[in-house]
file run39.cif (mmCIF, C-alpha atoms)
data_model
#
loop_
_atom_site.group_PDB
_atom_site.id
_atom_site.type_symbol
_atom_site.label_atom_id
_atom_site.label_comp_id
_atom_site.auth_asym_id
_atom_site.auth_seq_id
_atom_site.Cartn_x
_atom_site.Cartn_y
_atom_site.Cartn_z
ATOM 1 C CA MET A 987 -20.025 51.742 -64.558
ATOM 2 C CA PHE A 988 -23.340 49.944 -64.707
ATOM 3 C CA ASP A 989 -24.363 47.181 -67.103
ATOM 4 C CA HIS A 990 -25.884 49.611 -69.593
ATOM 5 C CA LYS A 991 -27.103 46.880 -71.942
ATOM 6 C CA ALA A 992 -29.082 45.205 -69.147
ATOM 7 C CA ILE A 993 -30.594 48.528 -68.100
ATOM 8 C CA ILE A 994 -31.615 49.420 -71.663
ATOM 9 C CA THR A 995 -32.959 45.887 -72.175
ATOM 10 C CA GLY A 996 -35.319 46.510 -69.277
ATOM 11 C CA GLU A 997 -36.913 49.342 -71.299
ATOM 12 C CA LEU A 998 -37.622 47.287 -74.429
ATOM 13 C CA GLU A 999 -41.038 46.702 -75.897
ATOM 14 C CA ALA A 1000 -42.119 43.343 -77.301
ATOM 15 C CA GLY A 1001 -40.069 42.421 -80.353
ATOM 16 C CA GLU A 1002 -37.368 45.063 -79.827
ATOM 17 C CA THR A 1003 -33.653 44.305 -79.862
ATOM 18 C CA VAL A 1004 -30.782 46.392 -78.500
ATOM 19 C CA LEU A 1005 -28.497 47.329 -81.408
ATOM 20 C CA TRP A 1006 -26.208 49.585 -79.352
ATOM 21 C CA SER A 1007 -25.957 50.825 -75.777
ATOM 22 C CA ALA A 1008 -23.504 52.905 -73.780
ATOM 23 C CA GLN A 1009 -22.988 55.402 -70.996
ATOM 24 C CA PRO A 1010 -21.357 58.819 -71.357
ATOM 25 C CA ARG A 1011 -17.706 59.223 -70.440
ATOM 26 C CA GLN A 1012 -17.318 59.025 -66.671
ATOM 27 C CA GLY A 1013 -15.451 61.138 -64.134
ATOM 28 C CA ILE A 1014 -14.718 64.850 -64.137
ATOM 29 C CA ILE A 1015 -14.938 66.388 -67.608
ATOM 30 C CA LEU A 1016 -13.789 69.883 -68.501
ATOM 31 C CA CYS A 1017 -15.235 71.654 -71.520
ATOM 32 C CA SER A 1018 -14.246 74.843 -73.313
ATOM 33 C CA SER A 1019 -16.747 76.938 -71.351
ATOM 34 C CA ASP A 1020 -14.699 76.199 -68.206
ATOM 35 C CA ALA A 1021 -12.009 78.558 -69.502
ATOM 36 C CA LEU A 1022 -14.385 81.320 -68.393
ATOM 37 C CA MET A 1023 -16.406 79.527 -65.730
ATOM 38 C CA ILE A 1024 -13.466 78.462 -63.564
ATOM 39 C CA PRO A 1025 -11.965 81.969 -63.131
ATOM 40 C CA PHE A 1026 -15.457 83.423 -62.625
ATOM 41 C CA SER A 1027 -16.328 80.792 -60.020
ATOM 42 C CA LEU A 1028 -13.064 81.394 -58.149
ATOM 43 C CA LEU A 1029 -13.674 85.143 -58.098
ATOM 44 C CA TRP A 1030 -17.297 84.724 -56.978
ATOM 45 C CA GLY A 1031 -16.499 82.059 -54.385
ATOM 46 C CA GLY A 1032 -13.426 83.841 -53.096
ATOM 47 C CA PHE A 1033 -15.272 87.121 -52.641
ATOM 48 C CA ALA A 1034 -18.291 85.422 -51.002
ATOM 49 C CA LEU A 1035 -16.136 83.405 -48.573
ATOM 50 C CA SER A 1036 -13.986 86.414 -47.732
ATOM 51 C CA TRP A 1037 -17.032 88.600 -47.143
ATOM 52 C CA GLU A 1038 -18.698 85.934 -44.986
ATOM 53 C CA TYR A 1039 -15.533 85.474 -42.914
ATOM 54 C CA GLU A 1040 -15.240 89.206 -42.337
ATOM 55 C CA VAL A 1041 -18.874 89.439 -41.243
ATOM 56 C CA ILE A 1042 -18.648 86.472 -38.857
ATOM 57 C CA SER A 1043 -15.335 87.605 -37.316
ATOM 58 C CA SER A 1044 -16.566 91.152 -36.747
ATOM 59 C CA ASP A 1045 -19.338 92.581 -34.587
ATOM 60 C CA ALA A 1046 -21.724 92.767 -37.550
ATOM 61 C CA PRO A 1047 -25.316 91.564 -36.999
ATOM 62 C CA TRP A 1048 -25.912 87.870 -37.592
ATOM 63 C CA LEU A 1049 -28.484 88.808 -40.193
ATOM 64 C CA MET A 1050 -25.608 89.934 -42.432
ATOM 65 C CA ALA A 1051 -24.018 86.495 -42.112
ATOM 66 C CA PHE A 1052 -27.284 84.764 -43.052
ATOM 67 C CA LEU A 1053 -27.719 87.068 -46.043
ATOM 68 C CA GLY A 1054 -24.273 86.048 -47.281
ATOM 69 C CA LEU A 1055 -24.860 82.301 -47.039
ATOM 70 C CA PRO A 1056 -26.682 81.931 -50.397
ATOM 71 C CA PHE A 1057 -23.751 83.597 -52.164
ATOM 72 C CA VAL A 1058 -21.319 81.217 -50.443
ATOM 73 C CA VAL A 1059 -23.414 78.195 -51.448
ATOM 74 C CA ILE A 1060 -23.590 79.390 -55.055
ATOM 75 C CA GLY A 1061 -19.840 79.993 -55.051
ATOM 76 C CA LEU A 1062 -19.060 76.512 -53.721
ATOM 77 C CA TYR A 1063 -21.392 74.966 -56.317
ATOM 78 C CA LEU A 1064 -19.733 76.891 -59.147
ATOM 79 C CA ILE A 1065 -16.236 75.987 -57.934
ATOM 80 C CA ALA A 1066 -16.725 72.266 -57.289
ATOM 81 C CA GLY A 1067 -20.351 71.216 -56.918
ATOM 82 C CA ARG A 1068 -21.256 71.484 -60.590
ATOM 83 C CA PHE A 1069 -18.480 69.034 -61.518
ATOM 84 C CA TYR A 1070 -19.726 66.548 -58.926
ATOM 85 C CA TYR A 1071 -23.338 67.000 -60.058
ATOM 86 C CA ASP A 1072 -22.397 66.482 -63.706
ATOM 87 C CA ALA A 1073 -20.333 63.367 -62.911
ATOM 88 C CA MET A 1074 -23.160 61.890 -60.828
ATOM 89 C CA LEU A 1075 -25.686 62.592 -63.585
ATOM 90 C CA ARG A 1076 -23.522 60.927 -66.235
ATOM 91 C CA LYS A 1077 -23.064 57.929 -63.923
ATOM 92 C CA LYS A 1078 -26.855 57.479 -63.999
ATOM 93 C CA THR A 1079 -27.256 58.192 -67.739
ATOM 94 C CA PHE A 1080 -27.783 55.394 -70.265
ATOM 95 C CA TYR A 1081 -28.222 55.464 -74.025
ATOM 96 C CA GLY A 1082 -29.625 52.754 -76.247
ATOM 97 C CA ILE A 1083 -30.615 52.249 -79.871
ATOM 98 C CA THR A 1084 -33.096 49.639 -81.068
ATOM 99 C CA GLU A 1085 -34.473 49.043 -84.550
ATOM 100 C CA ARG A 1086 -37.420 51.300 -83.622
ATOM 101 C CA ARG A 1087 -36.217 54.080 -81.347
ATOM 102 C CA ILE A 1088 -33.525 55.751 -79.308
ATOM 103 C CA ILE A 1089 -33.735 55.330 -75.538
ATOM 104 C CA MET A 1090 -32.232 57.917 -73.185
ATOM 105 C CA LEU A 1091 -32.364 57.356 -69.414
ATOM 106 C CA SER A 1092 -31.046 59.719 -66.765
ATOM 107 C CA GLY A 1093 -31.759 61.106 -63.311
ATOM 108 C CA ILE A 1094 -29.807 61.003 -60.059
ATOM 109 C CA TRP A 1095 -32.719 60.478 -57.678
ATOM 110 C CA LYS A 1096 -35.619 59.828 -60.045
ATOM 111 C CA LYS A 1097 -35.453 58.077 -63.411
ATOM 112 C CA GLN A 1098 -36.209 60.285 -66.378
ATOM 113 C CA ALA A 1099 -36.766 58.531 -69.690
ATOM 114 C CA LEU A 1100 -36.893 59.891 -73.219
ATOM 115 C CA TYR A 1101 -37.911 57.652 -76.107
ATOM 116 C CA ILE A 1102 -37.432 58.972 -79.641
ATOM 117 C CA SER A 1103 -38.889 57.030 -82.545
ATOM 118 C CA ILE A 1104 -36.442 56.697 -85.435
ATOM 119 C CA ILE A 1105 -39.099 57.840 -87.906
ATOM 120 C CA ASP A 1106 -39.639 61.032 -85.877
ATOM 121 C CA ILE A 1107 -36.006 62.153 -86.115
ATOM 122 C CA GLU A 1108 -35.912 65.072 -88.545
ATOM 123 C CA SER A 1109 -32.124 65.305 -88.738
ATOM 124 C CA VAL A 1110 -28.955 64.133 -87.028
ATOM 125 C CA THR A 1111 -25.708 65.977 -86.324
ATOM 126 C CA ALA A 1112 -22.541 64.252 -85.134
ATOM 127 C CA VAL A 1113 -20.096 66.616 -83.387
ATOM 128 C CA LYS A 1114 -16.857 64.667 -83.230
ATOM 129 C CA ASN A 1115 -13.560 65.473 -81.534
ATOM 130 C CA SER A 1116 -10.189 64.431 -82.945
ATOM 131 C CA ASN A 1117 -10.112 61.324 -80.700
ATOM 132 C CA GLY A 1118 -13.515 60.102 -81.959
ATOM 133 C CA SER A 1119 -15.461 61.177 -78.889
ATOM 134 C CA GLY A 1120 -18.259 63.726 -79.025
ATOM 135 C CA GLU A 1121 -22.022 63.966 -79.186
ATOM 136 C CA ILE A 1122 -24.956 63.248 -81.442
ATOM 137 C CA ILE A 1123 -27.689 65.902 -81.676
ATOM 138 C CA LEU A 1124 -31.172 64.827 -82.699
ATOM 139 C CA GLY A 1125 -33.464 67.579 -83.899
ATOM 140 C CA PRO A 1126 -34.422 70.216 -86.443
ATOM 141 C CA ALA A 1127 -31.687 71.789 -88.546
ATOM 142 C CA ASP A 1128 -32.158 75.251 -87.001
ATOM 143 C CA ASP A 1129 -31.582 73.915 -83.490
ATOM 144 C CA GLN A 1130 -28.601 71.883 -84.646
ATOM 145 C CA ALA A 1131 -26.889 74.924 -86.096
ATOM 146 C CA ALA A 1132 -27.277 76.719 -82.786
ATOM 147 C CA GLU A 1133 -26.076 73.674 -80.863
ATOM 148 C CA ALA A 1134 -22.981 73.279 -83.039
ATOM 149 C CA ILE A 1135 -22.083 76.935 -82.476
ATOM 150 C CA ASN A 1136 -22.622 76.558 -78.729
ATOM 151 C CA SER A 1137 -20.835 73.216 -78.460
ATOM 152 C CA ALA A 1138 -18.874 74.589 -75.499
ATOM 153 C CA PHE A 1139 -21.794 73.368 -73.390
ATOM 154 C CA GLN A 1140 -21.164 69.658 -73.969
ATOM 155 C CA ASN A 1141 -21.866 68.474 -70.433
ATOM 156 C CA GLN A 1142 -25.167 66.771 -69.884
ATOM 157 C CA VAL A 1143 -26.472 69.561 -67.647
ATOM 158 C CA PRO A 1144 -23.841 72.223 -66.839
ATOM 159 C CA ILE A 1145 -26.229 74.148 -64.558
ATOM 160 C CA PRO A 1146 -29.305 72.557 -62.914
ATOM 161 C CA GLY A 1147 -32.380 73.414 -64.929
ATOM 162 C CA GLN A 1148 -30.430 74.239 -68.087
ATOM 163 C CA GLU A 1149 -31.540 72.041 -70.959
ATOM 164 C CA ALA A 1150 -30.403 71.665 -74.543
ATOM 165 C CA THR A 1151 -32.858 72.719 -77.229
ATOM 166 C CA SER A 1152 -32.535 69.345 -78.982
ATOM 167 C CA PRO A 1153 -32.170 65.849 -77.519
ATOM 168 C CA ARG A 1154 -28.601 64.640 -77.631
ATOM 169 C CA LEU A 1155 -26.343 61.730 -76.813
ATOM 170 C CA ASN A 1156 -23.628 63.534 -74.856
ATOM 171 C CA ASN A 1157 -19.991 62.737 -74.069
ATOM 172 C CA LEU A 1158 -19.838 59.582 -76.167
ATOM 173 C CA VAL A 1159 -16.519 57.734 -76.222
ATOM 174 C CA ASN A 1160 -17.129 56.746 -79.855
ATOM 175 C CA VAL A 1161 -19.500 58.812 -82.003
ATOM 176 C CA ASP A 1162 -19.125 56.894 -85.272
ATOM 177 C CA THR A 1163 -20.811 53.621 -84.264
ATOM 178 C CA PRO A 1164 -24.128 54.991 -82.927
ATOM 179 C CA TYR A 1165 -24.224 57.643 -85.658
ATOM 180 C CA ALA A 1166 -23.862 54.997 -88.374
ATOM 181 C CA ILE A 1167 -26.585 52.849 -86.771
ATOM 182 C CA ILE A 1168 -29.017 55.775 -86.545
ATOM 183 C CA GLN A 1169 -28.390 56.826 -90.139
ATOM 184 C CA LYS A 1170 -28.809 53.258 -91.413
ATOM 185 C CA LEU A 1171 -32.128 52.923 -89.569
ATOM 186 C CA ARG A 1172 -33.319 56.280 -90.898
ATOM 187 C CA ARG A 1173 -32.529 55.208 -94.462
ATOM 188 C CA GLN A 1174 -34.342 51.913 -93.956
ATOM 189 C CA LEU A 1175 -37.395 53.729 -92.583
ATOM 190 C CA GLY A 1176 -37.312 56.429 -95.272
ATOM 191 C CA SER A 1177 -36.078 59.364 -93.137
ATOM 192 C CA THR A 1178 -33.957 62.077 -94.754
ATOM 193 C CA GLY A 1179 -32.009 65.180 -93.850
ATOM 194 C CA SER A 1180 -28.815 64.071 -92.126
ATOM 195 C CA SER A 1181 -26.230 66.657 -91.162
ATOM 196 C CA PRO A 1182 -22.860 65.291 -90.004
ATOM 197 C CA ALA A 1183 -20.361 67.769 -88.567
ATOM 198 C CA ASP A 1184 -16.802 66.893 -87.530
#

call {"tool": "encode", "arguments": {"input": "run39.cif", "output": "structure tokens"}}
result
Amino acid sequence: MFDHKAIITGELEAGETVLWSAQPRQGIILCSSDALMIPFSLLWGGFALSWEYEVISSDAPWLMAFLGLPFVVIGLYLIAGRFYYDAMLRKKTFYGITERRIIMLSGIWKKQALYISIIDIESVTAVKNSNGSGEIILGPADDQAAEAINSAFQNQVPIPGQEATSPRLNNLVNVDTPYAIIQKLRRQLGSTGSSPAD
């Protein structure tokens, strides 16, 4: 893991102080949606590889083999590539909280930064697992309700291009500490409308 505090410190404005910083849990993470995705990916990948092998080993035109390649690539990504992509993305993801804002940095090849002012946060939802890990969702109540229902998609980006409807601090080892800091800052700055969910 990287020195997340040093990386977040590099994003500070004059007069800001880091109150909390962390990275998401590292390594391969399975979520509840994998109960369906893993069998589906094995079926897709197995069929695509079998079909491609049959085409290559027969006298079929090479065009048929080329047409099958995209399906093989998709199958391999669904079977293993998405786990590697997710792990690499979380390795390059950093979260920080200052007295003014929440800082979220990510991006495998190019840094993407999201800065959310504490006073702009309409509501906060903490989705906590029994071991204290989980996520914090920042956004309107309507979006939070949808996110809580669809909490199976807890990875940072399960499929490239898929984005959550509300900003979130994903795969936190400890939800309580950053949640308490955010809520304290919101009270100090006059924000209302919290929505914890365990």

call {"tool": "resolve_selection", "arguments": {"input": "run39.cif", "expression": "the PyMOL selection byres ((chain A and resi 1034) around 8)", "output": "PyMOL selection string"}}
result
chain A and resi 1030-1033+1035-1038+1054+1057-1058+1061

call {"tool": "closest_residue", "arguments": {"input": "run39.cif", "among": "A:Leu1062, A:Leu1175, A:Ile1094, A:Leu1049", "to": "Lys1077 (chain A)", "atoms": "all atoms listed in the file"}}
result
A:Ile1094

call {"tool": "atom_distance", "arguments": {"input": "run39.cif", "atom1": "CA of Leu1158 (chain A)", "atom2": "CA of Ala1000 (chain A)"}}
result
27.6 Å

call {"tool": "resolve_selection", "arguments": {"input": "run39.cif", "expression": "the PyMOL selection byres ((chain A and resi 1114) around 10)", "output": "list in words"}}
result
Thr1111, Ala1112, Val1113, Asn1115, Ser1116, Asn1117, Gly1118, Ser1119, Gly1120, Glu1121, Ile1122, Asn1157, Leu1158, Val1159, Asn1160, Val1161, Asp1162, Pro1182, Ala1183 and Asp1184 of chain A

call {"tool": "atom_distance", "arguments": {"input": "run39.cif", "atom1": "CA of Gly1125 (chain A)", "atom2": "CA of Arg1154 (chain A)"}}
result
8.5 Å

call {"tool": "atom_distance", "arguments": {"input": "run39.cif", "atom1": "CA of Phe1026 (chain A)", "atom2": "CA of Arg1068 (chain A)"}}
result
13.4 Å

call {"tool": "residues_around", "arguments": {"input": "run39.cif", "residues": "Trp1006 (chain A)", "least_positions_apart": "2", "cutoff": "8 Å", "atoms": "all atoms listed in the file", "output": "PDB file with C-alpha atoms, keeping the file's coordinate frame"}}
result
ATOM      1  CA  LYS A 991     -27.103  46.880 -71.942  1.00  0.00           C
ATOM      2  CA  VAL A1004     -30.782  46.392 -78.500  1.00  0.00           C
ATOM      3  CA  ALA A1008     -23.504  52.905 -73.780  1.00  0.00           C
ATOM      4  CA  GLY A1082     -29.625  52.754 -76.247  1.00  0.00           C
ATOM      5  CA  ILE A1083     -30.615  52.249 -79.871  1.00  0.00           C
ATOM      6  CA  THR A1084     -33.096  49.639 -81.068  1.00  0.00           C
ATOM      7  CA  PRO A1164     -24.128  54.991 -82.927  1.00  0.00           C
TER       8      PRO A1164
END

call {"tool": "closest_residue", "arguments": {"input": "run39.cif", "among": "A:Thr995, A:Ser1103, A:Ser1044, A:Asn1156", "to": "Arg1011 (chain A)", "atoms": "only C-alpha atoms"}}
result
A:Asn1156
